[in-house]
file coords_23.txt (compact mmCIF, N, CA and C atoms)
# COMPACT_ATOMS: atom_id res chain seq x y z
N MET A 1 114.50 121.49 119.03
CA MET A 1 113.83 120.91 117.87
C MET A 1 114.56 121.39 116.62
N SER A 2 114.82 120.47 115.70
CA SER A 2 115.55 120.84 114.50
C SER A 2 114.69 121.72 113.59
N ASP A 3 115.37 122.52 112.75
CA ASP A 3 114.66 123.40 111.82
C ASP A 3 113.73 122.62 110.90
N GLU A 4 114.11 121.37 110.60
CA GLU A 4 113.32 120.53 109.69
C GLU A 4 111.89 120.33 110.21
N PHE A 5 111.73 120.33 111.53
CA PHE A 5 110.42 120.06 112.11
C PHE A 5 109.75 121.30 112.69
N GLN A 6 110.31 122.47 112.45
CA GLN A 6 109.73 123.69 112.98
C GLN A 6 108.36 123.98 112.38
N GLU A 7 108.13 123.64 111.12
CA GLU A 7 106.89 123.99 110.45
C GLU A 7 106.08 122.75 110.11
N VAL A 8 105.91 121.86 111.08
CA VAL A 8 105.15 120.64 110.86
C VAL A 8 103.81 120.76 111.55
N GLY A 9 102.76 120.37 110.84
CA GLY A 9 101.43 120.36 111.43
C GLY A 9 101.18 119.07 112.17
N PRO A 10 100.06 118.99 112.88
CA PRO A 10 99.72 117.76 113.58
C PRO A 10 99.63 116.59 112.61
N ILE A 11 100.04 115.42 113.07
CA ILE A 11 100.03 114.23 112.24
C ILE A 11 98.99 113.26 112.80
N ASP A 12 98.11 112.81 111.93
CA ASP A 12 97.02 111.91 112.30
C ASP A 12 97.10 110.64 111.47
N TYR A 13 96.33 109.65 111.90
CA TYR A 13 96.18 108.44 111.11
C TYR A 13 94.73 108.01 111.13
N VAL A 14 94.32 107.29 110.12
CA VAL A 14 93.01 106.66 110.06
C VAL A 14 93.19 105.27 109.48
N VAL A 15 92.36 104.37 109.96
CA VAL A 15 92.27 103.02 109.41
C VAL A 15 90.83 102.89 108.94
N VAL A 16 90.65 102.71 107.65
CA VAL A 16 89.31 102.62 107.07
C VAL A 16 89.08 101.20 106.59
N GLU A 17 88.07 100.55 107.18
CA GLU A 17 87.75 99.17 106.82
C GLU A 17 86.77 99.13 105.65
N PHE A 18 87.02 98.21 104.74
CA PHE A 18 86.14 97.96 103.60
C PHE A 18 85.60 96.54 103.76
N PRO A 19 84.41 96.40 104.39
CA PRO A 19 83.85 95.06 104.60
C PRO A 19 83.70 94.31 103.28
N GLY A 20 84.01 93.02 103.33
CA GLY A 20 83.90 92.20 102.13
C GLY A 20 84.87 92.58 101.05
N ASN A 21 85.92 93.34 101.39
CA ASN A 21 86.93 93.79 100.42
C ASN A 21 86.33 94.64 99.30
N ARG A 22 85.23 95.32 99.58
CA ARG A 22 84.57 96.15 98.56
C ARG A 22 85.07 97.59 98.64
N MET A 23 85.95 97.95 97.72
CA MET A 23 86.46 99.32 97.62
C MET A 23 85.90 99.93 96.35
N THR A 24 85.12 100.98 96.48
CA THR A 24 84.52 101.60 95.31
C THR A 24 85.41 102.66 94.68
N GLY A 25 86.32 103.21 95.45
CA GLY A 25 87.18 104.28 94.93
C GLY A 25 86.54 105.64 94.99
N GLU A 26 85.32 105.73 95.50
CA GLU A 26 84.59 107.01 95.53
C GLU A 26 85.31 108.09 96.33
N GLY A 27 86.01 107.71 97.39
CA GLY A 27 86.70 108.70 98.22
C GLY A 27 88.05 109.13 97.69
N PHE A 28 88.63 108.37 96.75
CA PHE A 28 89.98 108.68 96.29
C PHE A 28 90.12 110.06 95.66
N PRO A 29 89.20 110.49 94.78
CA PRO A 29 89.35 111.84 94.22
C PRO A 29 89.30 112.93 95.30
N LEU A 30 88.54 112.70 96.35
CA LEU A 30 88.47 113.68 97.44
C LEU A 30 89.79 113.72 98.21
N LEU A 31 90.41 112.58 98.39
CA LEU A 31 91.72 112.52 99.05
C LEU A 31 92.76 113.25 98.20
N VAL A 32 92.76 113.01 96.91
CA VAL A 32 93.68 113.69 95.99
C VAL A 32 93.45 115.20 96.05
N ASP A 33 92.19 115.62 96.10
CA ASP A 33 91.86 117.05 96.18
C ASP A 33 92.43 117.68 97.45
N LEU A 34 92.34 116.98 98.59
CA LEU A 34 92.89 117.51 99.84
C LEU A 34 94.40 117.71 99.73
N VAL A 35 95.06 116.78 99.07
CA VAL A 35 96.51 116.90 98.85
C VAL A 35 96.80 118.05 97.89
N ASP A 36 96.08 118.09 96.77
CA ASP A 36 96.31 119.13 95.76
C ASP A 36 96.11 120.54 96.32
N ARG A 37 95.14 120.69 97.23
CA ARG A 37 94.85 122.01 97.81
C ARG A 37 95.76 122.34 98.99
N GLY A 38 96.65 121.42 99.37
CA GLY A 38 97.58 121.68 100.45
C GLY A 38 96.96 121.60 101.84
N VAL A 39 95.84 120.92 101.95
CA VAL A 39 95.18 120.76 103.25
C VAL A 39 95.92 119.70 104.07
N ILE A 40 96.29 118.59 103.40
CA ILE A 40 97.02 117.52 104.06
C ILE A 40 98.20 117.09 103.18
N ARG A 41 99.13 116.40 103.82
CA ARG A 41 100.22 115.75 103.09
C ARG A 41 100.23 114.30 103.51
N ILE A 42 100.18 113.40 102.54
CA ILE A 42 100.19 111.96 102.81
C ILE A 42 101.61 111.56 103.18
N LEU A 43 101.75 110.97 104.36
CA LEU A 43 103.05 110.48 104.79
C LEU A 43 103.18 108.98 104.54
N ASP A 44 102.11 108.24 104.79
CA ASP A 44 102.09 106.80 104.55
C ASP A 44 100.71 106.41 104.07
N LEU A 45 100.66 105.49 103.14
CA LEU A 45 99.40 104.93 102.66
C LEU A 45 99.66 103.46 102.36
N MET A 46 98.92 102.60 103.06
CA MET A 46 99.12 101.17 102.92
C MET A 46 97.76 100.49 102.94
N PHE A 47 97.66 99.40 102.24
CA PHE A 47 96.43 98.61 102.23
C PHE A 47 96.73 97.21 102.72
N VAL A 48 95.84 96.70 103.53
CA VAL A 48 95.98 95.34 104.07
C VAL A 48 94.67 94.60 103.89
N ARG A 49 94.77 93.29 103.85
CA ARG A 49 93.61 92.42 103.72
C ARG A 49 93.67 91.40 104.85
N LYS A 50 92.52 91.18 105.49
CA LYS A 50 92.43 90.15 106.51
C LYS A 50 91.60 89.02 105.94
N GLU A 51 92.23 87.87 105.80
CA GLU A 51 91.56 86.71 105.21
C GLU A 51 90.58 86.10 106.21
N GLU A 52 89.74 85.22 105.72
CA GLU A 52 88.74 84.56 106.57
C GLU A 52 89.38 83.79 107.73
N ASP A 53 90.60 83.27 107.50
CA ASP A 53 91.28 82.53 108.56
C ASP A 53 92.02 83.44 109.54
N GLY A 54 91.92 84.77 109.33
CA GLY A 54 92.56 85.74 110.22
C GLY A 54 93.94 86.17 109.81
N SER A 55 94.52 85.51 108.79
CA SER A 55 95.85 85.90 108.34
C SER A 55 95.77 87.25 107.61
N MET A 56 96.88 87.96 107.60
CA MET A 56 96.93 89.29 107.00
C MET A 56 97.90 89.30 105.83
N SER A 57 97.59 90.13 104.85
CA SER A 57 98.52 90.32 103.74
C SER A 57 98.42 91.76 103.25
N GLY A 58 99.54 92.25 102.72
CA GLY A 58 99.55 93.59 102.15
C GLY A 58 98.91 93.57 100.78
N MET A 59 98.41 94.71 100.36
CA MET A 59 97.79 94.85 99.04
C MET A 59 98.51 95.96 98.30
N GLU A 60 98.69 95.76 97.02
CA GLU A 60 99.30 96.78 96.18
C GLU A 60 98.29 97.89 95.89
N ILE A 61 98.80 99.10 95.71
CA ILE A 61 97.96 100.18 95.22
C ILE A 61 97.55 99.77 93.81
N ALA A 62 96.24 99.77 93.56
CA ALA A 62 95.77 99.16 92.32
C ALA A 62 94.56 99.89 91.76
N ASP A 63 93.99 99.26 90.78
CA ASP A 63 92.79 99.75 90.11
C ASP A 63 91.57 99.26 90.90
N PHE A 64 91.23 99.98 91.98
CA PHE A 64 90.14 99.56 92.85
C PHE A 64 88.78 99.68 92.18
N THR A 65 88.64 100.62 91.26
CA THR A 65 87.33 100.84 90.64
C THR A 65 87.10 99.98 89.40
N GLY A 66 88.15 99.32 88.89
CA GLY A 66 88.00 98.45 87.73
C GLY A 66 87.90 99.18 86.41
N ASP A 67 88.33 100.45 86.37
CA ASP A 67 88.22 101.22 85.13
C ASP A 67 89.50 101.17 84.30
N GLY A 68 90.48 100.36 84.72
CA GLY A 68 91.71 100.22 83.96
C GLY A 68 92.79 101.22 84.31
N GLU A 69 92.49 102.16 85.22
CA GLU A 69 93.48 103.14 85.64
C GLU A 69 93.84 102.92 87.09
N LEU A 70 95.11 103.20 87.43
CA LEU A 70 95.53 103.08 88.82
C LEU A 70 94.94 104.25 89.60
N ASP A 71 94.00 103.95 90.48
CA ASP A 71 93.30 104.99 91.21
C ASP A 71 94.20 105.78 92.14
N LEU A 72 95.20 105.14 92.70
CA LEU A 72 96.05 105.80 93.67
C LEU A 72 97.49 105.90 93.20
N ALA A 73 97.72 105.91 91.89
CA ALA A 73 99.09 106.00 91.38
C ALA A 73 99.78 107.25 91.90
N VAL A 74 99.02 108.31 92.16
CA VAL A 74 99.59 109.55 92.65
C VAL A 74 100.25 109.36 94.01
N PHE A 75 99.82 108.33 94.76
CA PHE A 75 100.39 108.06 96.07
C PHE A 75 101.37 106.90 96.08
N GLU A 76 101.65 106.34 94.92
CA GLU A 76 102.56 105.21 94.87
C GLU A 76 103.90 105.61 95.47
N GLY A 77 104.36 104.78 96.39
CA GLY A 77 105.63 105.06 97.05
C GLY A 77 105.50 105.97 98.25
N ALA A 78 104.27 106.36 98.64
CA ALA A 78 104.09 107.20 99.82
C ALA A 78 104.41 106.39 101.06
N SER A 79 105.61 106.55 101.55
CA SER A 79 106.04 105.80 102.72
C SER A 79 107.12 106.57 103.46
N SER A 80 106.73 107.15 104.58
CA SER A 80 107.68 107.91 105.39
C SER A 80 108.46 107.01 106.33
N GLY A 81 107.97 105.79 106.51
CA GLY A 81 108.59 104.89 107.46
C GLY A 81 107.95 104.96 108.84
N LEU A 82 106.94 105.81 109.00
CA LEU A 82 106.26 105.90 110.30
C LEU A 82 105.46 104.64 110.61
N LEU A 83 104.88 104.02 109.58
CA LEU A 83 104.10 102.79 109.79
C LEU A 83 105.05 101.60 109.86
N GLY A 84 104.96 100.88 110.96
CA GLY A 84 105.76 99.69 111.11
C GLY A 84 104.90 98.45 111.10
N GLN A 85 105.52 97.30 111.13
CA GLN A 85 104.79 96.03 111.11
C GLN A 85 103.83 95.92 112.30
N ASP A 86 104.25 96.44 113.46
CA ASP A 86 103.37 96.38 114.63
C ASP A 86 102.10 97.21 114.43
N ASP A 87 102.21 98.34 113.71
CA ASP A 87 101.04 99.16 113.40
C ASP A 87 100.08 98.43 112.47
N ILE A 88 100.66 97.72 111.51
CA ILE A 88 99.85 96.97 110.55
C ILE A 88 99.11 95.84 111.26
N VAL A 89 99.81 95.16 112.16
CA VAL A 89 99.18 94.07 112.93
C VAL A 89 98.06 94.63 113.81
N GLU A 90 98.30 95.77 114.45
CA GLU A 90 97.28 96.39 115.30
C GLU A 90 96.06 96.81 114.48
N ALA A 91 96.29 97.39 113.31
CA ALA A 91 95.18 97.77 112.44
C ALA A 91 94.42 96.54 112.00
N GLY A 92 95.14 95.48 111.65
CA GLY A 92 94.51 94.25 111.22
C GLY A 92 93.65 93.61 112.30
N ALA A 93 94.05 93.78 113.56
CA ALA A 93 93.27 93.22 114.67
C ALA A 93 91.88 93.85 114.75
N ALA A 94 91.76 95.08 114.27
CA ALA A 94 90.47 95.77 114.30
C ALA A 94 89.55 95.36 113.15
N LEU A 95 90.09 94.68 112.15
CA LEU A 95 89.31 94.31 110.97
C LEU A 95 88.53 93.02 111.18
N GLN A 96 87.40 92.95 110.52
CA GLN A 96 86.64 91.71 110.46
C GLN A 96 87.29 90.81 109.41
N PRO A 97 87.27 89.50 109.62
CA PRO A 97 87.79 88.59 108.59
C PRO A 97 87.05 88.82 107.27
N GLY A 98 87.78 88.73 106.16
CA GLY A 98 87.20 88.95 104.84
C GLY A 98 87.09 90.41 104.47
N SER A 99 87.81 91.28 105.20
CA SER A 99 87.77 92.72 104.93
C SER A 99 89.16 93.23 104.56
N SER A 100 89.17 94.39 103.96
CA SER A 100 90.40 95.10 103.65
C SER A 100 90.38 96.43 104.36
N ALA A 101 91.55 97.06 104.44
CA ALA A 101 91.62 98.38 105.07
C ALA A 101 92.70 99.21 104.40
N GLY A 102 92.45 100.49 104.41
CA GLY A 102 93.46 101.46 104.04
C GLY A 102 93.97 102.09 105.32
N ILE A 103 95.28 102.17 105.45
CA ILE A 103 95.89 102.82 106.60
C ILE A 103 96.56 104.08 106.07
N LEU A 104 96.14 105.22 106.57
CA LEU A 104 96.59 106.50 106.06
C LEU A 104 97.19 107.31 107.21
N VAL A 105 98.44 107.75 107.05
CA VAL A 105 99.08 108.66 107.99
C VAL A 105 99.27 109.97 107.23
N TYR A 106 98.81 111.07 107.82
CA TYR A 106 98.86 112.34 107.10
C TYR A 106 99.16 113.50 108.04
N GLU A 107 99.80 114.50 107.46
CA GLU A 107 100.09 115.74 108.18
C GLU A 107 98.99 116.74 107.83
N ASN A 108 98.51 117.42 108.84
CA ASN A 108 97.51 118.48 108.67
C ASN A 108 98.24 119.78 108.32
N LEU A 109 98.50 119.98 107.03
CA LEU A 109 99.25 121.16 106.60
C LEU A 109 98.55 122.45 106.96
N TRP A 110 97.23 122.45 106.96
CA TRP A 110 96.46 123.65 107.28
C TRP A 110 96.78 124.16 108.68
N ALA A 111 97.18 123.27 109.58
CA ALA A 111 97.43 123.65 110.98
C ALA A 111 98.90 123.96 111.25
N ALA A 112 99.78 123.75 110.27
CA ALA A 112 101.22 123.93 110.51
C ALA A 112 101.58 125.34 110.96
N PRO A 113 101.09 126.40 110.32
CA PRO A 113 101.46 127.75 110.79
C PRO A 113 100.99 128.01 112.23
N PHE A 114 99.80 127.56 112.57
CA PHE A 114 99.27 127.72 113.92
C PHE A 114 100.13 126.96 114.93
N ALA A 115 100.42 125.69 114.62
CA ALA A 115 101.24 124.87 115.51
C ALA A 115 102.64 125.45 115.67
N THR A 116 103.21 125.97 114.59
CA THR A 116 104.53 126.58 114.64
C THR A 116 104.53 127.81 115.54
N ALA A 117 103.51 128.65 115.41
CA ALA A 117 103.41 129.84 116.25
C ALA A 117 103.29 129.45 117.72
N LEU A 118 102.53 128.43 118.01
CA LEU A 118 102.40 127.98 119.39
C LEU A 118 103.73 127.48 119.93
N ARG A 119 104.44 126.67 119.14
CA ARG A 119 105.74 126.15 119.58
C ARG A 119 106.75 127.27 119.81
N ARG A 120 106.74 128.27 118.92
CA ARG A 120 107.66 129.42 119.09
C ARG A 120 107.38 130.12 120.41
N GLY A 121 106.12 130.15 120.81
CA GLY A 121 105.73 130.80 122.07
C GLY A 121 105.92 129.92 123.29
N GLY A 122 106.45 128.72 123.10
CA GLY A 122 106.72 127.83 124.22
C GLY A 122 105.57 126.91 124.58
N ALA A 123 104.50 126.92 123.82
CA ALA A 123 103.35 126.06 124.12
C ALA A 123 103.67 124.61 123.76
N ARG A 124 103.02 123.69 124.45
CA ARG A 124 103.18 122.25 124.19
C ARG A 124 101.81 121.61 124.08
N MET A 125 101.66 120.69 123.17
CA MET A 125 100.43 119.91 123.06
C MET A 125 100.47 118.87 124.17
N VAL A 126 99.47 118.88 125.05
CA VAL A 126 99.45 117.93 126.15
C VAL A 126 98.33 116.90 126.01
N ALA A 127 97.40 117.14 125.11
CA ALA A 127 96.35 116.16 124.85
C ALA A 127 95.77 116.43 123.48
N SER A 128 95.29 115.38 122.88
CA SER A 128 94.67 115.48 121.57
C SER A 128 93.72 114.31 121.43
N GLY A 129 92.74 114.44 120.59
CA GLY A 129 91.81 113.35 120.40
C GLY A 129 90.81 113.69 119.31
N ARG A 130 89.93 112.77 119.10
CA ARG A 130 88.92 112.95 118.08
C ARG A 130 87.61 112.40 118.64
N ILE A 131 86.54 113.14 118.45
CA ILE A 131 85.23 112.70 118.90
C ILE A 131 84.55 112.02 117.71
N PRO A 132 84.16 110.75 117.86
CA PRO A 132 83.51 110.04 116.75
C PRO A 132 82.18 110.70 116.38
N VAL A 133 81.91 110.78 115.09
CA VAL A 133 80.69 111.42 114.61
C VAL A 133 79.43 110.82 115.27
N PRO A 134 79.30 109.49 115.41
CA PRO A 134 78.10 108.97 116.07
C PRO A 134 77.92 109.51 117.50
N ALA A 135 79.02 109.73 118.22
CA ALA A 135 78.93 110.28 119.58
C ALA A 135 78.44 111.72 119.55
N VAL A 136 78.89 112.51 118.57
CA VAL A 136 78.43 113.89 118.43
C VAL A 136 76.94 113.91 118.12
N LEU A 137 76.52 113.07 117.16
CA LEU A 137 75.11 113.04 116.79
C LEU A 137 74.23 112.62 117.97
N GLU A 138 74.70 111.65 118.73
CA GLU A 138 73.95 111.20 119.91
C GLU A 138 73.84 112.32 120.94
N ALA A 139 74.93 113.04 121.18
CA ALA A 139 74.91 114.14 122.14
C ALA A 139 73.95 115.24 121.69
N LEU A 140 73.95 115.53 120.39
CA LEU A 140 73.04 116.54 119.85
C LEU A 140 71.59 116.09 120.00
N ASP A 141 71.31 114.81 119.77
CA ASP A 141 69.95 114.29 119.95
C ASP A 141 69.50 114.40 121.39
N VAL A 142 70.39 114.09 122.33
CA VAL A 142 70.08 114.18 123.76
C VAL A 142 69.82 115.64 124.13
N ALA A 143 70.66 116.55 123.66
CA ALA A 143 70.49 117.98 123.95
C ALA A 143 69.18 118.50 123.37
N GLU A 144 68.85 118.06 122.16
CA GLU A 144 67.61 118.51 121.52
C GLU A 144 66.39 117.98 122.27
N ALA A 145 66.46 116.75 122.72
CA ALA A 145 65.34 116.14 123.45
C ALA A 145 65.13 116.81 124.81
N ALA A 146 66.19 117.37 125.39
CA ALA A 146 66.10 118.02 126.70
C ALA A 146 65.42 119.39 126.60
N HIS A 147 65.36 119.94 125.41
CA HIS A 147 64.75 121.28 125.24
C HIS A 147 63.32 121.21 124.85
call {"tool": "encode", "arguments": {"input": "coords_23.txt", "output": "C-alpha cells"}}
result
Amino acid sequence: MSDEFQEVGPIDYVVVEFPGNRMTGEGFPLLVDLVDRGVIRILDLMFVRKEEDGSMSGMEIADFTGDGELDLAVFEGASSGLLGQDDIVEAGAALQPGSSAGILVYENLWAAPFATALRRGGARMVASGRIPVPAVLEALDVAEAAH
C-alpha cells in the first residue's frame, strides 16, 4: 500500500432523498461543522433530481434555503472522482419521481489513526455495514417488551 493511503479512514457514502425537491438546508451547517472539526472529509458531493417522467439531471450547488447565500459554497468543487455515472444512475433508481437527492462520499477522519494501527499490525477489514436506525429501534422495542 502506498504511503499516500497509509493514514486513510473508512470511506462511506449516503444518498439522502428530498421528497418533492424540498431542501430546507437545515442539515448543511451540521455537515460543515463535522468537516471543520475534522470528524469527516468530504470526497464527493453531488445533487441529482429525478423528474416525474423518471429522467435524471444533475443539480448545481445552490442557495437551497433561499436566503441569497450559497449554502454549500464551501464544498464547491468537492469531487474526488470516486462517484461515476453508474453510481448516479443507481442512486437515482432509489429515488421517487419528483424528488432530489444529495450523494455524499466522505472519509471518517476520526477513525484514520485506528484503521492505520490495524493495517500496520496486518489486520484486514473483511466486513462492514450499517444498521438502519428503524431496525435498532424495533429491536429495542422487542427486547423491552420481552422483559
call {"tool": "residues_around", "arguments": {"input": "coords_23.txt", "residues": "stretch 33-48 of chain A", "least_positions_apart": "6", "cutoff": "5 Å", "atoms": "all atoms listed in the file", "output": "ChimeraX atom specification"}}
result
/A:57-59,78-80,100-110
call {"tool": "axis_aligned_box", "arguments": {"input": "coords_23.txt", "around": "stretch 125-136 of chain A", "padding_each_side": "3 Å", "output": "AutoDock Vina command-line options"}}
result
--center_x 89.3 --center_y 114.8 --center_z 120.4 --size_x 30.7 --size_y 17.7 --size_z 17.5
call {"tool": "atom_distance", "arguments": {"input": "coords_23.txt", "atom1": "atom C of A:Val89", "atom2": "atom CA of A:Asn21"}}
result
17.4 Å
call {"tool": "select_by_dssp", "arguments": {"input": "coords_23.txt", "residues": "chain A", "states": "alpha helix (DSSP H)", "output": "ChimeraX atom specification"}}
result
/A:28-36,85-93,112-120,133-146
call {"tool": "select_by_dssp", "arguments": {"input": "coords_23.txt", "residues": "chain A", "states": "strand (DSSP E or B)", "output": "PDB file with N, CA and C atoms, in the coordinates of the input"}}
result
ATOM      1  N   ILE A  11     100.040 115.420 113.070  1.00  0.00           N
ATOM      2  CA  ILE A  11     100.030 114.230 112.240  1.00  0.00           C
ATOM      3  C   ILE A  11      98.990 113.260 112.800  1.00  0.00           C
ATOM      4  N   ASP A  12      98.110 112.810 111.930  1.00  0.00           N
ATOM      5  CA  ASP A  12      97.020 111.910 112.300  1.00  0.00           C
ATOM      6  C   ASP A  12      97.100 110.640 111.470  1.00  0.00           C
ATOM      7  N   TYR A  13      96.330 109.650 111.900  1.00  0.00           N
ATOM      8  CA  TYR A  13      96.180 108.440 111.110  1.00  0.00           C
ATOM      9  C   TYR A  13      94.730 108.010 111.130  1.00  0.00           C
ATOM     10  N   VAL A  14      94.320 107.290 110.120  1.00  0.00           N
ATOM     11  CA  VAL A  14      93.010 106.660 110.060  1.00  0.00           C
ATOM     12  C   VAL A  14      93.190 105.270 109.480  1.00  0.00           C
ATOM     13  N   VAL A  15      92.360 104.370 109.960  1.00  0.00           N
ATOM     14  CA  VAL A  15      92.270 103.020 109.410  1.00  0.00           C
ATOM     15  C   VAL A  15      90.830 102.890 108.940  1.00  0.00           C
ATOM     16  N   VAL A  16      90.650 102.710 107.650  1.00  0.00           N
ATOM     17  CA  VAL A  16      89.310 102.620 107.070  1.00  0.00           C
ATOM     18  C   VAL A  16      89.080 101.200 106.590  1.00  0.00           C
ATOM     19  N   GLU A  17      88.070 100.550 107.180  1.00  0.00           N
ATOM     20  CA  GLU A  17      87.750  99.170 106.820  1.00  0.00           C
ATOM     21  C   GLU A  17      86.770  99.130 105.650  1.00  0.00           C
ATOM     22  N   PHE A  18      87.020  98.210 104.740  1.00  0.00           N
ATOM     23  CA  PHE A  18      86.140  97.960 103.600  1.00  0.00           C
ATOM     24  C   PHE A  18      85.600  96.540 103.760  1.00  0.00           C
ATOM     25  N   ILE A  40      96.290 118.590 103.400  1.00  0.00           N
ATOM     26  CA  ILE A  40      97.020 117.520 104.060  1.00  0.00           C
ATOM     27  C   ILE A  40      98.200 117.090 103.180  1.00  0.00           C
ATOM     28  N   ARG A  41      99.130 116.400 103.820  1.00  0.00           N
ATOM     29  CA  ARG A  41     100.220 115.750 103.090  1.00  0.00           C
ATOM     30  C   ARG A  41     100.230 114.300 103.510  1.00  0.00           C
ATOM     31  N   ILE A  42     100.180 113.400 102.540  1.00  0.00           N
ATOM     32  CA  ILE A  42     100.190 111.960 102.810  1.00  0.00           C
ATOM     33  C   ILE A  42     101.610 111.560 103.180  1.00  0.00           C
ATOM     34  N   LEU A  43     101.750 110.970 104.360  1.00  0.00           N
ATOM     35  CA  LEU A  43     103.050 110.480 104.790  1.00  0.00           C
ATOM     36  C   LEU A  43     103.180 108.980 104.540  1.00  0.00           C
ATOM     37  N   ASP A  44     102.110 108.240 104.790  1.00  0.00           N
ATOM     38  CA  ASP A  44     102.090 106.800 104.550  1.00  0.00           C
ATOM     39  C   ASP A  44     100.710 106.410 104.070  1.00  0.00           C
ATOM     40  N   LEU A  45     100.660 105.490 103.140  1.00  0.00           N
ATOM     41  CA  LEU A  45      99.400 104.930 102.660  1.00  0.00           C
ATOM     42  C   LEU A  45      99.660 103.460 102.360  1.00  0.00           C
ATOM     43  N   MET A  46      98.920 102.600 103.060  1.00  0.00           N
ATOM     44  CA  MET A  46      99.120 101.170 102.920  1.00  0.00           C
ATOM     45  C   MET A  46      97.760 100.490 102.940  1.00  0.00           C
ATOM     46  N   PHE A  47      97.660  99.400 102.240  1.00  0.00           N
ATOM     47  CA  PHE A  47      96.430  98.610 102.230  1.00  0.00           C
ATOM     48  C   PHE A  47      96.730  97.210 102.720  1.00  0.00           C
ATOM     49  N   VAL A  48      95.840  96.700 103.530  1.00  0.00           N
ATOM     50  CA  VAL A  48      95.980  95.340 104.070  1.00  0.00           C
ATOM     51  C   VAL A  48      94.670  94.600 103.890  1.00  0.00           C
ATOM     52  N   ARG A  49      94.770  93.290 103.850  1.00  0.00           N
ATOM     53  CA  ARG A  49      93.610  92.420 103.720  1.00  0.00           C
ATOM     54  C   ARG A  49      93.670  91.400 104.850  1.00  0.00           C
ATOM     55  N   LYS A  50      92.520  91.180 105.490  1.00  0.00           N
ATOM     56  CA  LYS A  50      92.430  90.150 106.510  1.00  0.00           C
ATOM     57  C   LYS A  50      91.600  89.020 105.940  1.00  0.00           C
ATOM     58  N   MET A  56      96.880  87.960 107.600  1.00  0.00           N
ATOM     59  CA  MET A  56      96.930  89.290 107.000  1.00  0.00           C
ATOM     60  C   MET A  56      97.900  89.300 105.830  1.00  0.00           C
ATOM     61  N   SER A  57      97.590  90.130 104.850  1.00  0.00           N
ATOM     62  CA  SER A  57      98.520  90.320 103.740  1.00  0.00           C
ATOM     63  C   SER A  57      98.420  91.760 103.250  1.00  0.00           C
ATOM     64  N   GLY A  58      99.540  92.250 102.720  1.00  0.00           N
ATOM     65  CA  GLY A  58      99.550  93.590 102.150  1.00  0.00           C
ATOM     66  C   GLY A  58      98.910  93.570 100.780  1.00  0.00           C
ATOM     67  N   MET A  59      98.410  94.710 100.360  1.00  0.00           N
ATOM     68  CA  MET A  59      97.790  94.850  99.040  1.00  0.00           C
ATOM     69  C   MET A  59      98.510  95.960  98.300  1.00  0.00           C
ATOM     70  N   SER A  79     105.610 106.550 101.550  1.00  0.00           N
ATOM     71  CA  SER A  79     106.040 105.800 102.720  1.00  0.00           C
ATOM     72  C   SER A  79     107.120 106.570 103.460  1.00  0.00           C
ATOM     73  N   SER A  99      87.810  91.280 105.200  1.00  0.00           N
ATOM     74  CA  SER A  99      87.770  92.720 104.930  1.00  0.00           C
ATOM     75  C   SER A  99      89.160  93.230 104.560  1.00  0.00           C
ATOM     76  N   SER A 100      89.170  94.390 103.960  1.00  0.00           N
ATOM     77  CA  SER A 100      90.400  95.100 103.650  1.00  0.00           C
ATOM     78  C   SER A 100      90.380  96.430 104.360  1.00  0.00           C
ATOM     79  N   ALA A 101      91.550  97.060 104.440  1.00  0.00           N
ATOM     80  CA  ALA A 101      91.620  98.380 105.070  1.00  0.00           C
ATOM     81  C   ALA A 101      92.700  99.210 104.400  1.00  0.00           C
ATOM     82  N   GLY A 102      92.450 100.490 104.410  1.00  0.00           N
ATOM     83  CA  GLY A 102      93.460 101.460 104.040  1.00  0.00           C
ATOM     84  C   GLY A 102      93.970 102.090 105.320  1.00  0.00           C
ATOM     85  N   ILE A 103      95.280 102.170 105.450  1.00  0.00           N
ATOM     86  CA  ILE A 103      95.890 102.820 106.600  1.00  0.00           C
ATOM     87  C   ILE A 103      96.560 104.080 106.070  1.00  0.00           C
ATOM     88  N   LEU A 104      96.140 105.220 106.570  1.00  0.00           N
ATOM     89  CA  LEU A 104      96.590 106.500 106.060  1.00  0.00           C
ATOM     90  C   LEU A 104      97.190 107.310 107.210  1.00  0.00           C
ATOM     91  N   VAL A 105      98.440 107.750 107.050  1.00  0.00           N
ATOM     92  CA  VAL A 105      99.080 108.660 107.990  1.00  0.00           C
ATOM     93  C   VAL A 105      99.270 109.970 107.230  1.00  0.00           C
ATOM     94  N   TYR A 106      98.810 111.070 107.820  1.00  0.00           N
ATOM     95  CA  TYR A 106      98.860 112.340 107.100  1.00  0.00           C
ATOM     96  C   TYR A 106      99.160 113.500 108.040  1.00  0.00           C
ATOM     97  N   GLU A 107      99.800 114.500 107.460  1.00  0.00           N
ATOM     98  CA  GLU A 107     100.090 115.740 108.180  1.00  0.00           C
ATOM     99  C   GLU A 107      98.990 116.740 107.830  1.00  0.00           C
ATOM    100  N   ASN A 108      98.510 117.420 108.840  1.00  0.00           N
ATOM    101  CA  ASN A 108      97.510 118.480 108.670  1.00  0.00           C
ATOM    102  C   ASN A 108      98.240 119.780 108.320  1.00  0.00           C
TER     103      ASN A 108
END
call {"tool": "atom_distance", "arguments": {"input": "coords_23.txt", "atom1": "atom CA of A:Met56", "atom2": "atom CA of A:Ala93"}}
result
9.4 Å
call {"tool": "residues_around", "arguments": {"input": "coords_23.txt", "residues": "A:Ser55", "least_positions_apart": "6", "cutoff": "8 Å", "atoms": "all atoms listed in the file", "output": "PyMOL selection string"}}
result
chain A and resi 49+92+97-98
call {"tool": "atom_distance", "arguments": {"input": "coords_23.txt", "atom1": "atom N of A:Phe114", "atom2": "atom CA of A:Gly129"}}
result
18.1 Å
call {"tool": "residues_around", "arguments": {"input": "coords_23.txt", "residues": "A:Ala111", "least_positions_apart": "5", "cutoff": "6 Å", "atoms": "only N, CA and C atoms", "output": "mmCIF file with N, CA and C atoms, in the frame of the given file"}}
result
data_model
loop_
_atom_site.group_PDB
_atom_site.id
_atom_site.type_symbol
_atom_site.label_atom_id
_atom_site.label_comp_id
_atom_site.auth_asym_id
_atom_site.auth_seq_id
_atom_site.Cartn_x
_atom_site.Cartn_y
_atom_site.Cartn_z
ATOM 1 N N VAL A 8 105.910 121.860 111.080
ATOM 2 C CA VAL A 8 105.150 120.640 110.860
ATOM 3 C C VAL A 8 103.810 120.760 111.550
ATOM 4 N N GLY A 9 102.760 120.370 110.840
ATOM 5 C CA GLY A 9 101.430 120.360 111.430
ATOM 6 C C GLY A 9 101.180 119.070 112.170
ATOM 7 N N PRO A 10 100.060 118.990 112.880
ATOM 8 C CA PRO A 10 99.720 117.760 113.580
ATOM 9 C C PRO A 10 99.630 116.590 112.610
ATOM 10 N N THR A 116 103.210 125.970 114.590
ATOM 11 C CA THR A 116 104.530 126.580 114.640
ATOM 12 C C THR A 116 104.530 127.810 115.540
#
